[in-house]
file upload.cif (mmCIF, C-alpha atoms)
data_data
loop_
_atom_site.label_atom_id
_atom_site.label_comp_id
_atom_site.auth_asym_id
_atom_site.auth_seq_id
_atom_site.Cartn_x
_atom_site.Cartn_y
_atom_site.Cartn_z
CA MET A 1 -3.21 4.71 -102.04
CA ALA A 2 -2.92 1.17 -100.73
CA ASP A 3 0.61 1.88 -99.56
CA ARG A 4 -0.54 4.91 -97.55
CA ARG A 5 -3.26 2.85 -95.92
CA ALA A 6 -0.82 0.11 -95.05
CA GLN A 7 1.55 2.65 -93.53
CA LEU A 8 -1.30 4.20 -91.54
CA VAL A 9 -2.43 0.81 -90.26
CA THR A 10 1.15 -0.08 -89.32
CA ARG A 11 1.58 3.23 -87.55
CA VAL A 12 -1.69 2.84 -85.65
CA ARG A 13 -0.77 -0.71 -84.68
CA GLY A 14 2.60 0.49 -83.44
CA MET A 15 0.99 3.24 -81.38
CA LEU A 16 -1.55 0.80 -79.97
CA GLY A 17 1.23 -1.66 -79.12
CA GLU A 18 3.24 1.04 -77.38
CA ALA A 19 0.15 2.19 -75.47
CA LEU A 20 -0.69 -1.38 -74.53
CA GLY A 21 2.88 -2.00 -73.37
CA ALA A 22 2.92 1.21 -71.28
CA THR A 23 -0.46 0.31 -69.83
CA ARG A 24 0.75 -3.15 -68.90
CA THR A 25 3.88 -1.67 -67.29
CA ARG A 26 1.78 0.75 -65.27
CA LEU A 27 -0.62 -2.07 -64.35
CA TYR A 28 2.22 -4.28 -63.11
CA ALA A 29 3.68 -1.37 -61.15
CA ALA A 30 0.27 -0.62 -59.64
CA GLN A 31 -0.19 -4.27 -58.73
CA ASP A 32 3.25 -4.35 -57.07
CA GLU A 33 2.44 -1.15 -55.18
CA LEU A 34 -0.93 -2.60 -54.14
CA THR A 35 0.77 -5.75 -52.86
CA GLU A 36 3.32 -3.70 -50.87
CA THR A 37 0.56 -1.50 -49.49
CA ARG A 38 -1.45 -4.53 -48.39
CA GLU A 39 1.64 -6.00 -46.70
CA ARG A 40 2.29 -2.70 -44.90
CA LEU A 41 -1.37 -2.56 -43.84
CA ALA A 42 -1.19 -6.10 -42.49
CA LYS A 43 1.97 -5.21 -40.50
CA VAL A 44 0.31 -2.09 -39.11
CA ARG A 45 -2.75 -4.08 -38.09
CA ARG A 46 -0.61 -6.74 -36.40
CA ALA A 47 1.34 -4.03 -34.57
CA ALA A 48 -1.86 -2.27 -33.56
CA ALA A 49 -3.30 -5.54 -32.26
CA ALA A 50 -0.15 -6.12 -30.18
CA VAL A 51 -0.24 -2.63 -28.61
CA PRO A 52 -3.00 -3.30 -26.02
CA GLU A 53 -1.30 -6.52 -24.92
CA ARG A 54 2.09 -4.82 -24.66
CA VAL A 55 0.62 -1.79 -22.89
CA GLY A 56 -1.34 -4.05 -20.54
CA ALA A 57 1.80 -6.00 -19.67
CA GLN A 58 3.72 -2.78 -19.05
CA ARG A 59 0.86 -1.45 -16.91
CA ASP A 60 0.73 -4.64 -14.84
CA ARG A 61 4.51 -4.58 -14.40
CA ARG A 62 4.39 -0.93 -13.35
CA LEU A 63 1.56 -1.55 -10.87
CA ALA A 64 3.49 -4.48 -9.38
CA GLU A 65 6.56 -2.25 -8.96
CA ILE A 66 4.42 0.43 -7.28
CA ASP A 67 2.88 -2.17 -4.94
CA GLU A 68 6.33 -3.50 -4.02
CA ARG A 69 7.66 0.00 -3.31
CA HIS A 70 4.53 0.85 -1.30
CA ALA A 71 4.81 -2.35 0.76
CA ALA A 72 8.51 -1.72 1.38
CA ARG A 73 7.79 1.88 2.41
CA ILE A 74 5.00 0.81 4.77
CA ALA A 75 7.26 -1.85 6.31
CA GLU A 76 10.05 0.72 6.80
CA LEU A 77 7.65 3.25 8.36
CA ALA A 78 6.26 0.56 10.67
CA ARG A 79 9.79 -0.40 11.71
CA ARG A 80 10.62 3.23 12.48
CA ALA A 81 7.35 3.73 14.35
CA ALA A 82 8.01 0.61 16.47
CA ALA A 83 11.53 1.82 17.26
CA ALA A 84 10.20 5.27 18.17
CA ALA A 85 7.51 3.71 20.39
CA HIS A 86 10.10 1.68 22.28
CA ARG A 87 12.24 4.81 22.76
CA GLU A 88 9.23 6.84 23.94
CA ALA A 89 7.95 4.09 26.23
CA PRO A 90 10.90 1.91 27.26
CA GLY A 91 10.89 -1.15 29.44
CA ALA A 92 7.70 -1.99 31.29
CA ALA A 93 5.82 0.80 29.52
CA SER A 94 5.75 -1.03 26.17
CA ALA A 95 7.41 -4.44 26.48
CA ASP A 96 5.55 -7.52 25.30
CA TRP A 97 3.98 -9.43 28.17
CA THR A 98 6.20 -12.43 27.46
CA SER A 99 9.27 -10.38 28.42
CA TRP A 100 7.63 -7.85 30.75
CA ARG A 101 9.29 -6.93 34.04
CA PRO A 102 9.24 -3.77 36.21
CA THR A 103 11.65 -1.06 35.04
CA PRO A 104 11.26 1.99 37.30
CA VAL A 105 12.14 5.36 35.81
CA ALA A 106 15.33 7.08 36.90
CA ARG A 107 15.14 10.01 39.28
CA ALA A 108 13.68 13.12 37.60
CA GLU A 109 12.81 11.10 34.50
CA PRO A 110 9.24 11.73 33.25
CA PRO A 111 7.03 8.61 33.33
CA GLY A 112 6.30 8.78 29.57
CA ALA A 113 3.60 7.08 27.54
CA LEU A 114 2.15 3.63 28.18
CA ARG A 115 1.28 0.89 25.76
CA ILE A 116 -2.44 0.32 25.38
CA GLY A 117 -2.35 -2.19 22.55
CA THR A 118 -0.83 -2.97 19.18
CA VAL A 119 -1.31 -1.54 15.70
CA ARG A 120 -1.04 -4.36 13.19
CA ILE A 121 -0.37 -3.67 9.51
CA PRO A 122 -0.35 -6.60 7.04
CA GLY A 123 3.20 -7.42 5.99
CA ALA A 124 4.79 -5.03 8.51
CA GLU A 125 6.18 -5.12 12.01
CA PRO A 126 3.60 -4.67 14.81
CA VAL A 127 3.70 -1.17 16.29
CA PRO A 128 2.94 -0.55 19.99
CA ALA A 129 -0.02 1.81 20.45
CA LEU A 130 0.85 4.35 23.14
CA VAL A 131 -1.20 6.79 25.23
CA PRO A 132 0.05 9.51 27.60
CA LEU A 133 -1.32 8.91 31.09
CA LEU A 134 0.74 9.61 34.21
CA ASP A 135 1.07 13.38 34.77
CA ALA A 136 -0.29 13.87 31.25
CA GLY A 137 -3.99 13.11 30.82
CA HIS A 138 -6.86 10.70 31.17
CA VAL A 139 -7.94 7.62 29.26
CA GLN A 140 -11.61 7.09 28.57
CA LEU A 141 -12.87 3.75 27.30
CA SER A 142 -16.24 3.43 25.62
CA GLY A 143 -18.03 0.49 24.07
CA ALA A 144 -19.93 -2.63 24.97
CA ASP A 145 -16.92 -4.95 25.43
CA ARG A 146 -16.66 -4.84 29.24
CA ASP A 147 -14.11 -7.67 29.49
CA GLY A 148 -11.90 -5.97 26.91
CA GLY A 149 -12.16 -2.67 28.79
CA GLU A 150 -11.19 -4.33 32.06
CA ALA A 151 -8.18 -5.91 30.35
CA VAL A 152 -7.07 -2.51 29.03
CA VAL A 153 -7.44 -0.90 32.47
CA SER A 154 -5.49 -3.70 34.14
CA ALA A 155 -2.75 -3.53 31.51
CA LEU A 156 -2.42 0.26 31.85
CA LEU A 157 -2.26 0.07 35.63
CA LEU A 158 0.32 -2.72 35.55
CA ARG A 159 2.49 -0.80 33.11
CA ALA A 160 2.15 2.40 35.16
CA VAL A 161 3.14 0.58 38.35
CA GLY A 162 5.97 -1.19 36.50
CA ARG A 163 7.47 2.18 35.48
CA ALA A 164 7.31 3.73 38.94
CA ASP A 165 9.42 3.41 42.05
CA ALA A 166 7.82 1.36 44.76
CA GLY A 167 5.20 3.35 46.64
CA THR A 168 5.17 6.36 44.29
CA VAL A 169 1.93 5.47 42.47
CA ARG A 170 -1.36 5.43 44.33
CA LEU A 171 -4.42 3.95 42.65
CA VAL A 172 -7.97 5.12 43.30
CA GLY A 173 -10.65 2.97 41.72
CA TYR A 174 -14.03 4.56 41.14
CA ASP A 175 -16.40 1.69 41.66
CA PRO A 176 -20.00 2.96 41.80
CA GLU A 177 -21.37 -0.59 41.87
CA HIS A 178 -18.88 -1.72 44.55
CA LEU A 179 -17.93 -4.66 42.37
CA GLY A 180 -14.17 -4.27 42.11
CA GLY A 181 -13.99 -6.81 39.31
CA GLY A 182 -11.79 -4.81 36.96
CA LEU A 183 -9.17 -4.23 39.67
CA ALA A 184 -9.46 -7.51 41.55
CA GLY A 185 -5.97 -8.52 40.49
CA PHE A 186 -4.59 -5.44 42.27
CA ALA A 187 -6.33 -6.18 45.57
CA PRO A 188 -3.03 -6.95 47.37
CA LEU A 189 -2.09 -3.29 46.85
CA GLY A 190 -5.02 -2.33 49.06
CA THR A 191 -3.38 -3.80 52.17
CA ALA A 192 -0.29 -1.70 51.44
CA GLY A 193 -2.39 1.45 51.23
CA LEU A 194 -1.67 1.90 47.51
CA LEU A 195 -5.14 1.06 46.21
CA THR A 196 -8.42 2.58 47.34
CA PHE A 197 -11.89 1.89 45.99
CA VAL A 198 -14.44 4.70 46.20
CA GLY A 199 -18.08 4.78 45.26
CA PRO A 200 -20.41 7.61 44.28
CA GLY A 201 -19.39 10.81 46.07
CA GLY A 202 -16.06 9.35 47.09
CA LEU A 203 -13.89 11.17 44.56
#

call {"tool": "encode", "arguments": {"input": "upload.cif", "output": "structure tokens"}}
result
Amino acid sequence: MADRRAQLVTRVRGMLGEALGATRTRLYAAQDELTETRERLAKVRRAAAAVPERVGAQRDRRLAEIDERHAARIAELARRAAAAAHREAPGAASADWTSWRPTPVARAEPPGALRIGTVRIPGAEPVPALVPLLDAGHVQLSGADRDGGEAVVSALLLRAVGRADAGTVRLVGYDPEHLGGGLAGFAPLGTAGLLTFVGPGGL
């Protein structure tokens, strides 16, 4: 009877030892898996934290590239527009005042457009602003800047005269106040019969 009990106790101890060993093995494996999982989680979190910074840098780089391409495109378009303006209004019609000189049109050549100012775009070549005038239409100026308006009128008249053969352009100034200030610089043309001032009812 004592032998059977001893055997039973030994057997139970063996089973408990095996169970304890298996449990410890599973515990160690679970701990290793937990450690690996925590390390993977930490890597994922670090990667996730770096994503906004990386995406922001890529976005900024992309926006800078777009800005550079846009600026280059605007500069190219401005260059083409300036070249087209000089072809459309050559010589005295669009030249800068520093290099301006009369350049009459050839026989049967249409007078073309005249430069009224300059379109300025940051970072690009200035583009002459043209208006059709002789044999084409009328120019109407509005606004409170009288001196600026007189300068525009004088510039247009000078360019028109500079593109015409001598004596082919006749100027009529409508001067209801009989002031003549805006065309005073052209007064010498009056003695040649090329400039006439008219008041109300004179047109």

call {"tool": "atom_distance", "arguments": {"input": "upload.cif", "atom1": "atom CA of Arg73 of chain A", "atom2": "atom CA of Thr118 of chain A"}}
result
19.5 Å

call {"tool": "closest_residue", "arguments": {"input": "upload.cif", "among": "A:Leu203, A:Leu195, A:Ala93, A:Ile116", "to": "Arg159 of chain A", "atoms": "all atoms listed in the file"}}
result
A:Ala93

call {"tool": "atom_distance", "arguments": {"input": "upload.cif", "atom1": "atom CA of Val105 of chain A", "atom2": "atom CA of Leu130 of chain A"}}
result
17.0 Å

call {"tool": "atom_distance", "arguments": {"input": "upload.cif", "atom1": "atom CA of Ala95 of chain A", "atom2": "atom CA of Asp165 of chain A"}}
result
17.6 Å

call {"tool": "axis_aligned_box", "arguments": {"input": "upload.cif", "around": "segment 85-89 of chain A", "padding_each_side": "4 Å", "output": "lines of an AutoDock Vina configuration file"}}
result
center_x = 9.9
center_y = 4.3
center_z = 23.3
size_x = 12.7
size_y = 13.2
size_z = 13.8

call {"tool": "resolve_selection", "arguments": {"input": "upload.cif", "expression": "the PyMOL selection byres ((chain A and resi 123-127) around 6)", "output": "ChimeraX atom specification"}}
result
/A:75,78-79,82,118-122,128

call {"tool": "closest_residue", "arguments": {"input": "upload.cif", "among": "A:Arg46, A:His86, A:Arg59, A:Arg54", "to": "Ala113 of chain A", "atoms": "all atoms listed in the file"}}
result
A:His86

call {"tool": "resolve_selection", "arguments": {"input": "upload.cif", "expression": "the PyMOL selection byres ((chain A and resi 172) around 12)", "output": "JSON, numbers by chain"}}
result
{"A": [157, 169, 170, 171, 173, 174, 175, 180, 183, 186, 187, 189, 190, 193, 194, 195, 196, 197, 198, 199, 202, 203]}

call {"tool": "residues_around", "arguments": {"input": "upload.cif", "residues": "Ala160 of chain A", "least_positions_apart": "4", "cutoff": "10 Å", "atoms": "only C-alpha atoms", "output": "NGL selection string"}}
result
:A and (92-93 or 102 or 104 or 111-115 or 133-134 or 154-156 or 164 or 169)

call {"tool": "closest_residue", "arguments": {"input": "upload.cif", "among": "A:Val161, A:Leu77, A:Ala192, A:Ala57", "to": "Gly91 of chain A", "atoms": "only C-alpha atoms"}}
result
A:Val161

call {"tool": "build_atoms", "arguments": {"input": "upload.cif", "residues": "segment 19-34 of chain A", "atoms": "N, CA and C atoms", "output": "PDB file, in the coordinates of the input"}}
result
ATOM      1  N   ALA A  19       1.084   1.816 -76.532  1.00  0.00           N
ATOM      2  CA  ALA A  19       0.150   2.190 -75.470  1.00  0.00           C
ATOM      3  C   ALA A  19      -0.187   0.988 -74.603  1.00  0.00           C
ATOM      4  N   LEU A  20      -0.365  -0.173 -75.275  1.00  0.00           N
ATOM      5  CA  LEU A  20      -0.690  -1.380 -74.530  1.00  0.00           C
ATOM      6  C   LEU A  20       0.487  -1.774 -73.635  1.00  0.00           C
ATOM      7  N   GLY A  21       1.697  -1.658 -74.165  1.00  0.00           N
ATOM      8  CA  GLY A  21       2.880  -2.000 -73.370  1.00  0.00           C
ATOM      9  C   GLY A  21       3.016  -1.072 -72.164  1.00  0.00           C
ATOM     10  N   ALA A  22       2.830   0.244 -72.390  1.00  0.00           N
ATOM     11  CA  ALA A  22       2.920   1.210 -71.280  1.00  0.00           C
ATOM     12  C   ALA A  22       1.842   0.931 -70.239  1.00  0.00           C
ATOM     13  N   THR A  23       0.644   0.590 -70.753  1.00  0.00           N
ATOM     14  CA  THR A  23      -0.460   0.310 -69.830  1.00  0.00           C
ATOM     15  C   THR A  23      -0.149  -0.920 -68.985  1.00  0.00           C
ATOM     16  N   ARG A  24       0.398  -1.950 -69.647  1.00  0.00           N
ATOM     17  CA  ARG A  24       0.750  -3.150 -68.900  1.00  0.00           C
ATOM     18  C   ARG A  24       1.834  -2.850 -67.853  1.00  0.00           C
ATOM     19  N   THR A  25       2.809  -2.036 -68.235  1.00  0.00           N
ATOM     20  CA  THR A  25       3.880  -1.670 -67.290  1.00  0.00           C
ATOM     21  C   THR A  25       3.301  -0.949 -66.074  1.00  0.00           C
ATOM     22  N   ARG A  26       2.408   0.025 -66.384  1.00  0.00           N
ATOM     23  CA  ARG A  26       1.780   0.750 -65.270  1.00  0.00           C
ATOM     24  C   ARG A  26       0.904  -0.173 -64.425  1.00  0.00           C
ATOM     25  N   LEU A  27       0.226  -1.136 -65.078  1.00  0.00           N
ATOM     26  CA  LEU A  27      -0.620  -2.070 -64.350  1.00  0.00           C
ATOM     27  C   LEU A  27       0.224  -2.946 -63.431  1.00  0.00           C
ATOM     28  N   TYR A  28       1.341  -3.454 -63.932  1.00  0.00           N
ATOM     29  CA  TYR A  28       2.220  -4.280 -63.110  1.00  0.00           C
ATOM     30  C   TYR A  28       2.773  -3.475 -61.923  1.00  0.00           C
ATOM     31  N   ALA A  29       3.150  -2.235 -62.216  1.00  0.00           N
ATOM     32  CA  ALA A  29       3.680  -1.370 -61.150  1.00  0.00           C
ATOM     33  C   ALA A  29       2.597  -1.105 -60.097  1.00  0.00           C
ATOM     34  N   ALA A  30       1.379  -0.870 -60.576  1.00  0.00           N
ATOM     35  CA  ALA A  30       0.270  -0.620 -59.640  1.00  0.00           C
ATOM     36  C   ALA A  30      -0.021  -1.863 -58.817  1.00  0.00           C
ATOM     37  N   GLN A  31       0.043  -3.036 -59.467  1.00  0.00           N
ATOM     38  CA  GLN A  31      -0.190  -4.270 -58.730  1.00  0.00           C
ATOM     39  C   GLN A  31       0.899  -4.493 -57.677  1.00  0.00           C
ATOM     40  N   ASP A  32       2.168  -4.225 -58.056  1.00  0.00           N
ATOM     41  CA  ASP A  32       3.250  -4.350 -57.070  1.00  0.00           C
ATOM     42  C   ASP A  32       3.058  -3.385 -55.905  1.00  0.00           C
ATOM     43  N   GLU A  33       2.663  -2.148 -56.221  1.00  0.00           N
ATOM     44  CA  GLU A  33       2.440  -1.150 -55.180  1.00  0.00           C
ATOM     45  C   GLU A  33       1.266  -1.557 -54.279  1.00  0.00           C
ATOM     46  N   LEU A  34       0.218  -2.137 -54.930  1.00  0.00           N
ATOM     47  CA  LEU A  34      -0.930  -2.600 -54.140  1.00  0.00           C
ATOM     48  C   LEU A  34      -0.512  -3.730 -53.207  1.00  0.00           C
TER      49      LEU A  34
END
